[in-house]
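Enquirer: The structure that follows is given in the form of structure tokens.
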Amino acid sequence: MAASGAKKQQQQQRGAAAGGAGRRRRKVPDAEEKSWQKAGSKLDEEISSDSDAESPTFGGKRKKDNEADEIEETAQEKKLRLAKLYLKQLRQQEAEKAEEEALEEDLVAGRLKEDVLEQKGKLQRLIAKDLQPPDTAAIRVLRGHQLPITCLVISPDDKCIFSAAKDCSIIKWDVESGKKLHVIPGGKKGTEAQHVGHTAHVLSMAISSDGKYLATGDRNKLIMIWEAVTCKHLYKFTGHRDAVTGLSFQKGTHQLYSASHDRSVKVWNVAENAYVETLFGHQDAITGLDSLSRECCVTSGGRDGTVRVWKIPEESQLVFYGHQGSIDCVQLINEEHMVSGADDGSVALWGLSKKKPLTTVRQAHSNHGAQGLEQPYWISSVATLLNSDVVATGSHSSSVRLWKCGEGFRRLEPLFDIPLIGFVNSLKFSNAGDFLVVGVGQEHRLGRWWRIKEAKNSICIIPLQRTAAGSAQPADGS
């Protein structure tokens, strides 16, 4: 009985010691401690040797555990440790955020620098040296129009192509699959009141930089505005007194410029369905028009032999002379340089600060005709890859020719030819520069001077391959 009592007393003591981990141990009187030790020695004699629970080894381990428990951190120490850890994490997050902000500032500064250079016309992506002649087997041909294609545009995201032709129809194509997404059929002459669409040759086309509006102009003096996504008809602009041969949206806005054979340039606000003003100056039918971000546009004046830059806010114009024949097409390379083509077979590069061409290439697509009666191939279309040194020209010489602009736009050097039979009535580079779209027809877009029977009225998508990514630098080479 005495042994069992001592055993209970010892177990209570050990339980109290284990449960009081982290607290200060109570001091035991010497007499009481001796009696516990005596009772414990008797208890050790009664317990079998195979019991690990009360073995001396295990007891030593538990003594160490108790000592470890005694040095565990208090609640206040734990709070302090967690606070330090939290502060460390905050510092790391702030450092990462500062690094991200610095990187973003560098990117913004780079973009701002590019924007400034672009506005000044000095940003030039040097990619001509990296372009490779495409494999003719990789050229895709889209058939859908019954008569010669006259004009086309590419959507800002490069996913769709809009084309129009002498059959008065408009087709929206998917670039990746080559399938028709929407067809706006042409109407017969005399059905203008009932038909939603064009009833005469569609000669010009433009799309806004946000991809919202599509504008088309025809030989019937009409401009039609469409919702580009759905091809729903929105408005009809009247005011020109002859065929509408040029259309262009000011980049970043819904302001539309139109040019006509009536020798005038008109300004429209498409978002508000409003006419703004009319500009006069050309002495002959206007054949082409282009614009970029500035509130101005450039036009080619056909037989009057001039290219003009119209400054809308100042209500003024700059006149440029250089070609000997009818100037049939013009395109801006950047805000300060442009390229034009004429029926005398010449291609000219211009700087807006000089009234004469910076360089002119005569007989750019060579000659045709019997010996002694040779005539140069007309330049029927030009295209530029924006802010780069690449230019494309088209004629009916059975090829599209790509050119490299030399330093300062003072030279024009041929790169390579892409074989295509027919009149190249329209040329457009994709916004990313990955492909070139060509509108081909059996006849010239503005008349029927020749007819190439073996040509097919079609849209050709030509992939552009590069050996390496082109670099961007100021156009003056600095």
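In the structure tokens, each chain is lettered A, B, ... as it comes, each chain's residues begin at 1, and ligands are numbered from 1 in order of appearance.
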Could you produce a table of the residues of range 254-339 of chain A lying within 12 Å of range 401-408 of chain A, with the nearest pair of atoms per residue and their separation in Å rounded to one decimal, using only C-alpha atoms, ordered by chain and increasing residue number, as JSON lines?

Expert:
{"residue": "A:Ile333", "atom": "CA", "partner": "A:Cys405", "partner_atom": "CA", "distance": 10.0}
{"residue": "A:Glu336", "atom": "CA", "partner": "A:Gly408", "partner_atom": "CA", "distance": 11.0}
{"residue": "A:His337", "atom": "CA", "partner": "A:Gly408", "partner_atom": "CA", "distance": 9.7}
{"residue": "A:Met338", "atom": "CA", "partner": "A:Cys405", "partner_atom": "CA", "distance": 11.0}
{"residue": "A:Val339", "atom": "CA", "partner": "A:Cys405", "partner_atom": "CA", "distance": 10.2}

Enquirer: Residues near Ile312 in chain A, anyone? I mean within 10 Å using only C-alpha atoms, not counting same-chain ones fewer than 2 positions away, as a PyMOL selection string.

Expert: chain A and resi 267+277-279+294-297+309-310+314-317

Enquirer: Could those residues be written to a file, using all heavy atoms, as an mmCIF file, in the first residue's frame?

Expert:
data_model
loop_
_atom_site.group_PDB
_atom_site.id
_atom_site.type_symbol
_atom_site.label_atom_id
_atom_site.label_comp_id
_atom_site.auth_asym_id
_atom_site.auth_seq_id
_atom_site.Cartn_x
_atom_site.Cartn_y
_atom_site.Cartn_z
ATOM 1 N N VAL A 267 -12.616 67.455 -95.840
ATOM 2 C CA VAL A 267 -12.354 66.956 -94.481
ATOM 3 C C VAL A 267 -13.704 66.641 -93.833
ATOM 4 O O VAL A 267 -14.640 67.446 -93.901
ATOM 5 C CB VAL A 267 -11.585 67.995 -93.635
ATOM 6 C CG1 VAL A 267 -11.212 67.404 -92.274
ATOM 7 C CG2 VAL A 267 -10.342 68.461 -94.378
ATOM 8 N N GLU A 277 -14.677 70.835 -93.969
ATOM 9 C CA GLU A 277 -14.254 71.892 -94.896
ATOM 10 C C GLU A 277 -13.761 71.302 -96.210
ATOM 11 O O GLU A 277 -13.547 70.087 -96.330
ATOM 12 C CB GLU A 277 -13.167 72.769 -94.278
ATOM 13 C CG GLU A 277 -11.880 72.023 -93.963
ATOM 14 C CD GLU A 277 -10.822 72.950 -93.382
ATOM 15 O OE1 GLU A 277 -10.625 74.052 -93.941
ATOM 16 O OE2 GLU A 277 -10.183 72.570 -92.388
ATOM 17 N N THR A 278 -13.552 72.178 -97.190
ATOM 18 C CA THR A 278 -13.048 71.794 -98.509
ATOM 19 C C THR A 278 -11.798 72.602 -98.824
ATOM 20 O O THR A 278 -11.733 73.804 -98.535
ATOM 21 C CB THR A 278 -14.104 72.052 -99.600
ATOM 22 O OG1 THR A 278 -15.295 71.332 -99.288
ATOM 23 C CG2 THR A 278 -13.606 71.601 -100.962
ATOM 24 N N LEU A 279 -10.806 71.941 -99.418
ATOM 25 C CA LEU A 279 -9.532 72.573 -99.772
ATOM 26 C C LEU A 279 -9.347 72.516 -101.284
ATOM 27 O O LEU A 279 -9.583 71.468 -101.905
ATOM 28 C CB LEU A 279 -8.368 71.861 -99.074
ATOM 29 C CG LEU A 279 -8.508 71.662 -97.556
ATOM 30 C CD1 LEU A 279 -7.401 70.753 -97.047
ATOM 31 C CD2 LEU A 279 -8.456 73.007 -96.835
ATOM 32 N N ARG A 294 -0.159 63.660 -87.932
ATOM 33 C CA ARG A 294 -0.313 65.114 -87.978
ATOM 34 C C ARG A 294 -1.626 65.495 -88.674
ATOM 35 O O ARG A 294 -2.158 64.729 -89.479
ATOM 36 C CB ARG A 294 0.855 65.751 -88.720
ATOM 37 C CG ARG A 294 2.178 65.641 -87.991
ATOM 38 C CD ARG A 294 3.265 66.309 -88.807
ATOM 39 N NE ARG A 294 4.579 66.154 -88.205
ATOM 40 C CZ ARG A 294 5.716 66.496 -88.794
ATOM 41 N NH1 ARG A 294 5.690 67.038 -90.004
ATOM 42 N NH2 ARG A 294 6.884 66.316 -88.189
ATOM 43 N N GLU A 295 -2.075 66.710 -88.369
ATOM 44 C CA GLU A 295 -3.313 67.193 -88.990
ATOM 45 C C GLU A 295 -2.979 67.774 -90.362
ATOM 46 O O GLU A 295 -3.114 68.966 -90.629
ATOM 47 C CB GLU A 295 -3.982 68.238 -88.095
ATOM 48 C CG GLU A 295 -5.460 68.407 -88.385
ATOM 49 C CD GLU A 295 -6.180 69.277 -87.381
ATOM 50 O OE1 GLU A 295 -5.578 69.588 -86.334
ATOM 51 O OE2 GLU A 295 -7.334 69.646 -87.648
ATOM 52 N N CYS A 296 -2.544 66.870 -91.241
ATOM 53 C CA CYS A 296 -2.238 67.253 -92.615
ATOM 54 C C CYS A 296 -2.318 66.008 -93.489
ATOM 55 O O CYS A 296 -2.329 64.879 -92.983
ATOM 56 C CB CYS A 296 -0.858 67.900 -92.729
ATOM 57 S SG CYS A 296 0.510 66.777 -92.426
ATOM 58 N N CYS A 297 -2.383 66.190 -94.798
ATOM 59 C CA CYS A 297 -2.423 65.059 -95.716
ATOM 60 C C CYS A 297 -1.625 65.406 -96.962
ATOM 61 O O CYS A 297 -1.338 66.578 -97.238
ATOM 62 C CB CYS A 297 -3.866 64.683 -96.065
ATOM 63 S SG CYS A 297 -4.803 65.986 -96.901
ATOM 64 N N VAL A 309 1.199 68.996 -99.997
ATOM 65 C CA VAL A 309 0.996 68.727 -98.575
ATOM 66 C C VAL A 309 0.045 69.789 -98.051
ATOM 67 O O VAL A 309 0.324 70.991 -98.137
ATOM 68 C CB VAL A 309 2.334 68.764 -97.798
ATOM 69 C CG1 VAL A 309 2.073 68.578 -96.295
ATOM 70 C CG2 VAL A 309 3.281 67.686 -98.301
ATOM 71 N N TRP A 310 -1.082 69.332 -97.501
ATOM 72 C CA TRP A 310 -2.128 70.234 -97.011
ATOM 73 C C TRP A 310 -2.041 70.337 -95.497
ATOM 74 O O TRP A 310 -2.199 69.339 -94.800
ATOM 75 C CB TRP A 310 -3.506 69.719 -97.423
ATOM 76 C CG TRP A 310 -3.657 69.479 -98.896
ATOM 77 C CD1 TRP A 310 -3.272 68.370 -99.584
ATOM 78 C CD2 TRP A 310 -4.217 70.375 -99.856
ATOM 79 N NE1 TRP A 310 -3.560 68.503 -100.917
ATOM 80 C CE2 TRP A 310 -4.150 69.733 -101.117
ATOM 81 C CE3 TRP A 310 -4.778 71.647 -99.785
ATOM 82 C CZ2 TRP A 310 -4.605 70.316 -102.288
ATOM 83 C CZ3 TRP A 310 -5.251 72.232 -100.948
ATOM 84 C CH2 TRP A 310 -5.159 71.582 -102.185
ATOM 85 N N GLU A 314 -3.520 75.478 -90.534
ATOM 86 C CA GLU A 314 -3.029 76.739 -91.112
ATOM 87 C C GLU A 314 -3.748 77.110 -92.405
ATOM 88 O O GLU A 314 -3.564 78.211 -92.919
ATOM 89 C CB GLU A 314 -1.514 76.641 -91.390
ATOM 90 C CG GLU A 314 -0.653 76.503 -90.149
ATOM 91 C CD GLU A 314 -0.410 75.035 -89.799
ATOM 92 O OE1 GLU A 314 -1.217 74.179 -90.221
ATOM 93 O OE2 GLU A 314 0.575 74.756 -89.097
ATOM 94 N N GLU A 315 -4.541 76.150 -92.946
ATOM 95 C CA GLU A 315 -5.222 76.352 -94.224
ATOM 96 C C GLU A 315 -4.226 76.758 -95.313
ATOM 97 O O GLU A 315 -4.458 77.691 -96.095
ATOM 98 C CB GLU A 315 -6.347 77.389 -94.102
ATOM 99 C CG GLU A 315 -7.463 76.955 -93.158
ATOM 100 C CD GLU A 315 -8.604 77.957 -93.113
ATOM 101 O OE1 GLU A 315 -8.473 79.040 -93.743
ATOM 102 O OE2 GLU A 315 -9.613 77.671 -92.460
ATOM 103 N N SER A 316 -3.098 76.022 -95.330
ATOM 104 C CA SER A 316 -2.056 76.298 -96.320
ATOM 105 C C SER A 316 -1.638 75.000 -96.986
ATOM 106 O O SER A 316 -2.024 73.906 -96.562
ATOM 107 C CB SER A 316 -0.847 76.968 -95.652
ATOM 108 O OG SER A 316 -0.257 76.090 -94.717
ATOM 109 N N GLN A 317 -0.834 75.125 -98.053
ATOM 110 C CA GLN A 317 -0.369 73.951 -98.780
ATOM 111 C C GLN A 317 1.052 74.165 -99.282
ATOM 112 O O GLN A 317 1.457 75.291 -99.556
ATOM 113 C CB GLN A 317 -1.297 73.640 -99.955
ATOM 114 C CG GLN A 317 -1.486 74.797 -100.910
ATOM 115 C CD GLN A 317 -2.499 74.503 -101.993
ATOM 116 O OE1 GLN A 317 -2.230 73.685 -102.869
ATOM 117 N NE2 GLN A 317 -3.653 75.144 -101.940
#

Enquirer: To test your reading of the structure, identify every residue in range 140-231 of chain A that backbone DSSP assigns to strand (DSSP E or B), and report it as JSON, numbers by chain.

Expert: {"A": [140, 141, 142, 149, 150, 151, 152, 153, 154, 160, 161, 162, 163, 164, 165, 170, 171, 172, 173, 174, 180, 181, 182, 183, 184, 202, 203, 204, 205, 206, 207, 213, 214, 215, 216, 217, 218, 223, 224, 225, 226, 227]}

Enquirer: Quick one: write out the picked residues with N, CA and C atoms as a compact mmCIF listing (two decimals), in the first residue's frame?

Expert:
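And here's again_10.txt as it stands now:
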# COMPACT_ATOMS: atom_id res chain seq x y z
N ARG A 140 -0.11 33.23 -101.12
CA ARG A 140 -1.51 32.78 -101.11
C ARG A 140 -2.36 33.69 -101.99
N VAL A 141 -3.25 33.10 -102.76
CA VAL A 141 -4.11 33.84 -103.69
C VAL A 141 -5.56 33.69 -103.25
N LEU A 142 -6.25 34.82 -103.06
CA LEU A 142 -7.65 34.82 -102.64
C LEU A 142 -8.50 35.30 -103.82
N ILE A 149 -9.43 44.18 -109.00
CA ILE A 149 -9.36 44.79 -107.66
C ILE A 149 -8.79 46.20 -107.83
N THR A 150 -9.40 47.14 -107.13
CA THR A 150 -8.98 48.55 -107.26
C THR A 150 -8.31 49.08 -106.00
N CYS A 151 -8.70 48.58 -104.82
CA CYS A 151 -8.14 49.11 -103.57
C CYS A 151 -8.32 48.08 -102.46
N LEU A 152 -7.51 48.21 -101.42
CA LEU A 152 -7.62 47.32 -100.26
C LEU A 152 -6.97 47.98 -99.05
N VAL A 153 -7.37 47.52 -97.86
CA VAL A 153 -6.75 47.96 -96.59
C VAL A 153 -6.63 46.74 -95.68
N ILE A 154 -5.75 46.87 -94.69
CA ILE A 154 -5.56 45.82 -93.68
C ILE A 154 -6.00 46.38 -92.33
N CYS A 160 -7.52 40.97 -90.60
CA CYS A 160 -8.50 41.02 -91.68
C CYS A 160 -8.01 41.91 -92.82
N ILE A 161 -8.49 41.60 -94.01
CA ILE A 161 -8.24 42.42 -95.20
C ILE A 161 -9.60 42.82 -95.77
N PHE A 162 -9.73 44.09 -96.16
CA PHE A 162 -10.92 44.57 -96.86
C PHE A 162 -10.49 44.92 -98.28
N SER A 163 -11.22 44.42 -99.27
CA SER A 163 -10.89 44.70 -100.67
C SER A 163 -12.13 45.14 -101.42
N ALA A 164 -11.92 45.91 -102.49
CA ALA A 164 -13.02 46.37 -103.33
C ALA A 164 -12.56 46.31 -104.78
N ALA A 165 -13.55 46.31 -105.70
CA ALA A 165 -13.22 46.09 -107.10
C ALA A 165 -14.16 46.87 -108.01
N ILE A 170 -17.56 44.75 -101.99
CA ILE A 170 -16.55 44.85 -100.92
C ILE A 170 -16.52 43.51 -100.21
N ILE A 171 -15.32 42.97 -99.99
CA ILE A 171 -15.17 41.68 -99.31
C ILE A 171 -14.24 41.84 -98.12
N LYS A 172 -14.66 41.25 -96.99
CA LYS A 172 -13.82 41.18 -95.80
C LYS A 172 -13.26 39.77 -95.70
N TRP A 173 -11.94 39.67 -95.62
CA TRP A 173 -11.24 38.37 -95.61
C TRP A 173 -10.57 38.13 -94.26
N ASP A 174 -10.47 36.87 -93.89
CA ASP A 174 -9.67 36.47 -92.73
C ASP A 174 -8.26 36.13 -93.22
N LYS A 180 -13.67 34.18 -96.75
CA LYS A 180 -14.48 35.39 -96.75
C LYS A 180 -15.26 35.47 -95.44
N LEU A 181 -15.15 36.59 -94.75
CA LEU A 181 -15.91 36.80 -93.52
C LEU A 181 -17.22 37.52 -93.80
N HIS A 182 -17.22 38.39 -94.82
CA HIS A 182 -18.41 39.15 -95.16
C HIS A 182 -18.30 39.67 -96.59
N VAL A 183 -19.41 39.67 -97.30
CA VAL A 183 -19.45 40.20 -98.67
C VAL A 183 -20.56 41.25 -98.75
N ILE A 184 -20.18 42.45 -99.21
CA ILE A 184 -21.17 43.51 -99.49
C ILE A 184 -21.30 43.57 -101.01
N VAL A 202 -15.69 50.95 -107.10
CA VAL A 202 -15.12 51.43 -105.84
C VAL A 202 -13.64 51.72 -106.10
N LEU A 203 -13.21 52.97 -105.90
CA LEU A 203 -11.85 53.38 -106.26
C LEU A 203 -10.94 53.64 -105.07
N SER A 204 -11.50 53.80 -103.88
CA SER A 204 -10.66 54.15 -102.72
C SER A 204 -11.25 53.56 -101.45
N MET A 205 -10.38 53.40 -100.46
CA MET A 205 -10.78 52.74 -99.21
C MET A 205 -9.83 53.15 -98.10
N ALA A 206 -10.38 53.27 -96.85
CA ALA A 206 -9.54 53.59 -95.68
C ALA A 206 -10.20 53.00 -94.44
N ILE A 207 -9.37 52.69 -93.44
CA ILE A 207 -9.87 52.17 -92.17
C ILE A 207 -9.25 53.00 -91.04
N TYR A 213 -14.10 52.20 -87.97
CA TYR A 213 -14.80 52.65 -89.18
C TYR A 213 -14.04 52.25 -90.44
N LEU A 214 -14.81 51.88 -91.47
CA LEU A 214 -14.29 51.64 -92.81
C LEU A 214 -14.96 52.63 -93.75
N ALA A 215 -14.15 53.32 -94.56
CA ALA A 215 -14.69 54.29 -95.52
C ALA A 215 -14.36 53.82 -96.93
N THR A 216 -15.33 53.94 -97.85
CA THR A 216 -15.12 53.56 -99.24
C THR A 216 -15.65 54.66 -100.15
N GLY A 217 -14.95 54.91 -101.27
CA GLY A 217 -15.35 55.95 -102.22
C GLY A 217 -15.48 55.37 -103.61
N ASP A 218 -16.46 55.86 -104.40
CA ASP A 218 -16.70 55.28 -105.72
C ASP A 218 -16.72 56.32 -106.83
N ILE A 223 -19.18 58.70 -100.78
CA ILE A 223 -18.34 58.10 -99.74
C ILE A 223 -19.28 57.37 -98.78
N MET A 224 -19.02 56.11 -98.53
CA MET A 224 -19.85 55.33 -97.61
C MET A 224 -19.03 54.93 -96.39
N ILE A 225 -19.67 55.03 -95.24
CA ILE A 225 -19.02 54.68 -93.97
C ILE A 225 -19.67 53.41 -93.43
N TRP A 226 -18.82 52.46 -93.04
CA TRP A 226 -19.27 51.16 -92.56
C TRP A 226 -18.68 50.89 -91.18
N GLU A 227 -19.39 50.06 -90.42
CA GLU A 227 -18.83 49.54 -89.17
C GLU A 227 -17.91 48.39 -89.56

Enquirer: Using only C-alpha atoms, can you tell me which of A:Ser258, A:Gln132, A:Gln250, A:Ser430 comes closest to Ile461 in chain A?

Expert: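 Looking only at the distances to Ile461 in chain A, the closest residue turns out to be A:Ser430.
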
Enquirer: Give me, as a list in words, all polymer residues having an atom no more than 7 Å from Pro357 in chain A, counting only C-alpha atoms and skipping those fewer than 5 positions away in the same chain.

Expert: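 My list of contacting residues is Gly322, Ala348, Leu349 and Trp350 of chain A.
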
Enquirer: Do you know which residues are at most 12 Å from Gly190 in chain A counting only C-alpha atoms, after dropping those on the same chain fewer than 6 positions away, and could you put them as a VMD selection string?

Expert: chain A and resid 198 to 200 220

Enquirer: Take the residues just selected and output them with N, CA and C atoms as a short mmCIF file (atom, residue, chain, number, x, y, z; two decimals), in the first residue's frame.

Expert:
data_model
loop_
_atom_site.label_atom_id
_atom_site.label_comp_id
_atom_site.auth_asym_id
_atom_site.auth_seq_id
_atom_site.Cartn_x
_atom_site.Cartn_y
_atom_site.Cartn_z
N HIS A 198 -22.42 50.05 -102.99
CA HIS A 198 -22.00 50.84 -104.15
C HIS A 198 -22.63 50.30 -105.43
N THR A 199 -22.89 51.22 -106.36
CA THR A 199 -23.42 50.84 -107.67
C THR A 199 -22.49 51.31 -108.78
N ALA A 200 -21.28 51.70 -108.40
CA ALA A 200 -20.25 52.11 -109.37
C ALA A 200 -18.90 51.61 -108.87
N ASN A 220 -19.20 57.17 -108.43
CA ASN A 220 -20.48 57.89 -108.39
C ASN A 220 -20.46 59.08 -107.43
#

Enquirer: Report the distance between CA of Ser248 in chain A and CA of Val400 in chain A in Å, rounded to one decimal place.

Expert: 23.3 Å

Enquirer: Nearest to Ser395 in chain A: which of A:Lys166, A:Lys311, A:His261, A:His368 is it, counting only C-alpha atoms?

Expert: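 Of A:Lys166, A:Lys311, A:His261, A:His368, the one nearest Ser395 in chain A, counting only C-alpha atoms, is A:His368.
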
Enquirer: As a PyMOL selection string, please: the residues near Val438 in chain A (cut-off 10 Å, only C-alpha atoms, same-chain neighbours under 5 positions excluded).

Expert: chain A and resi 141+149+151-152+381+383+394+400+420+423-429+458-462
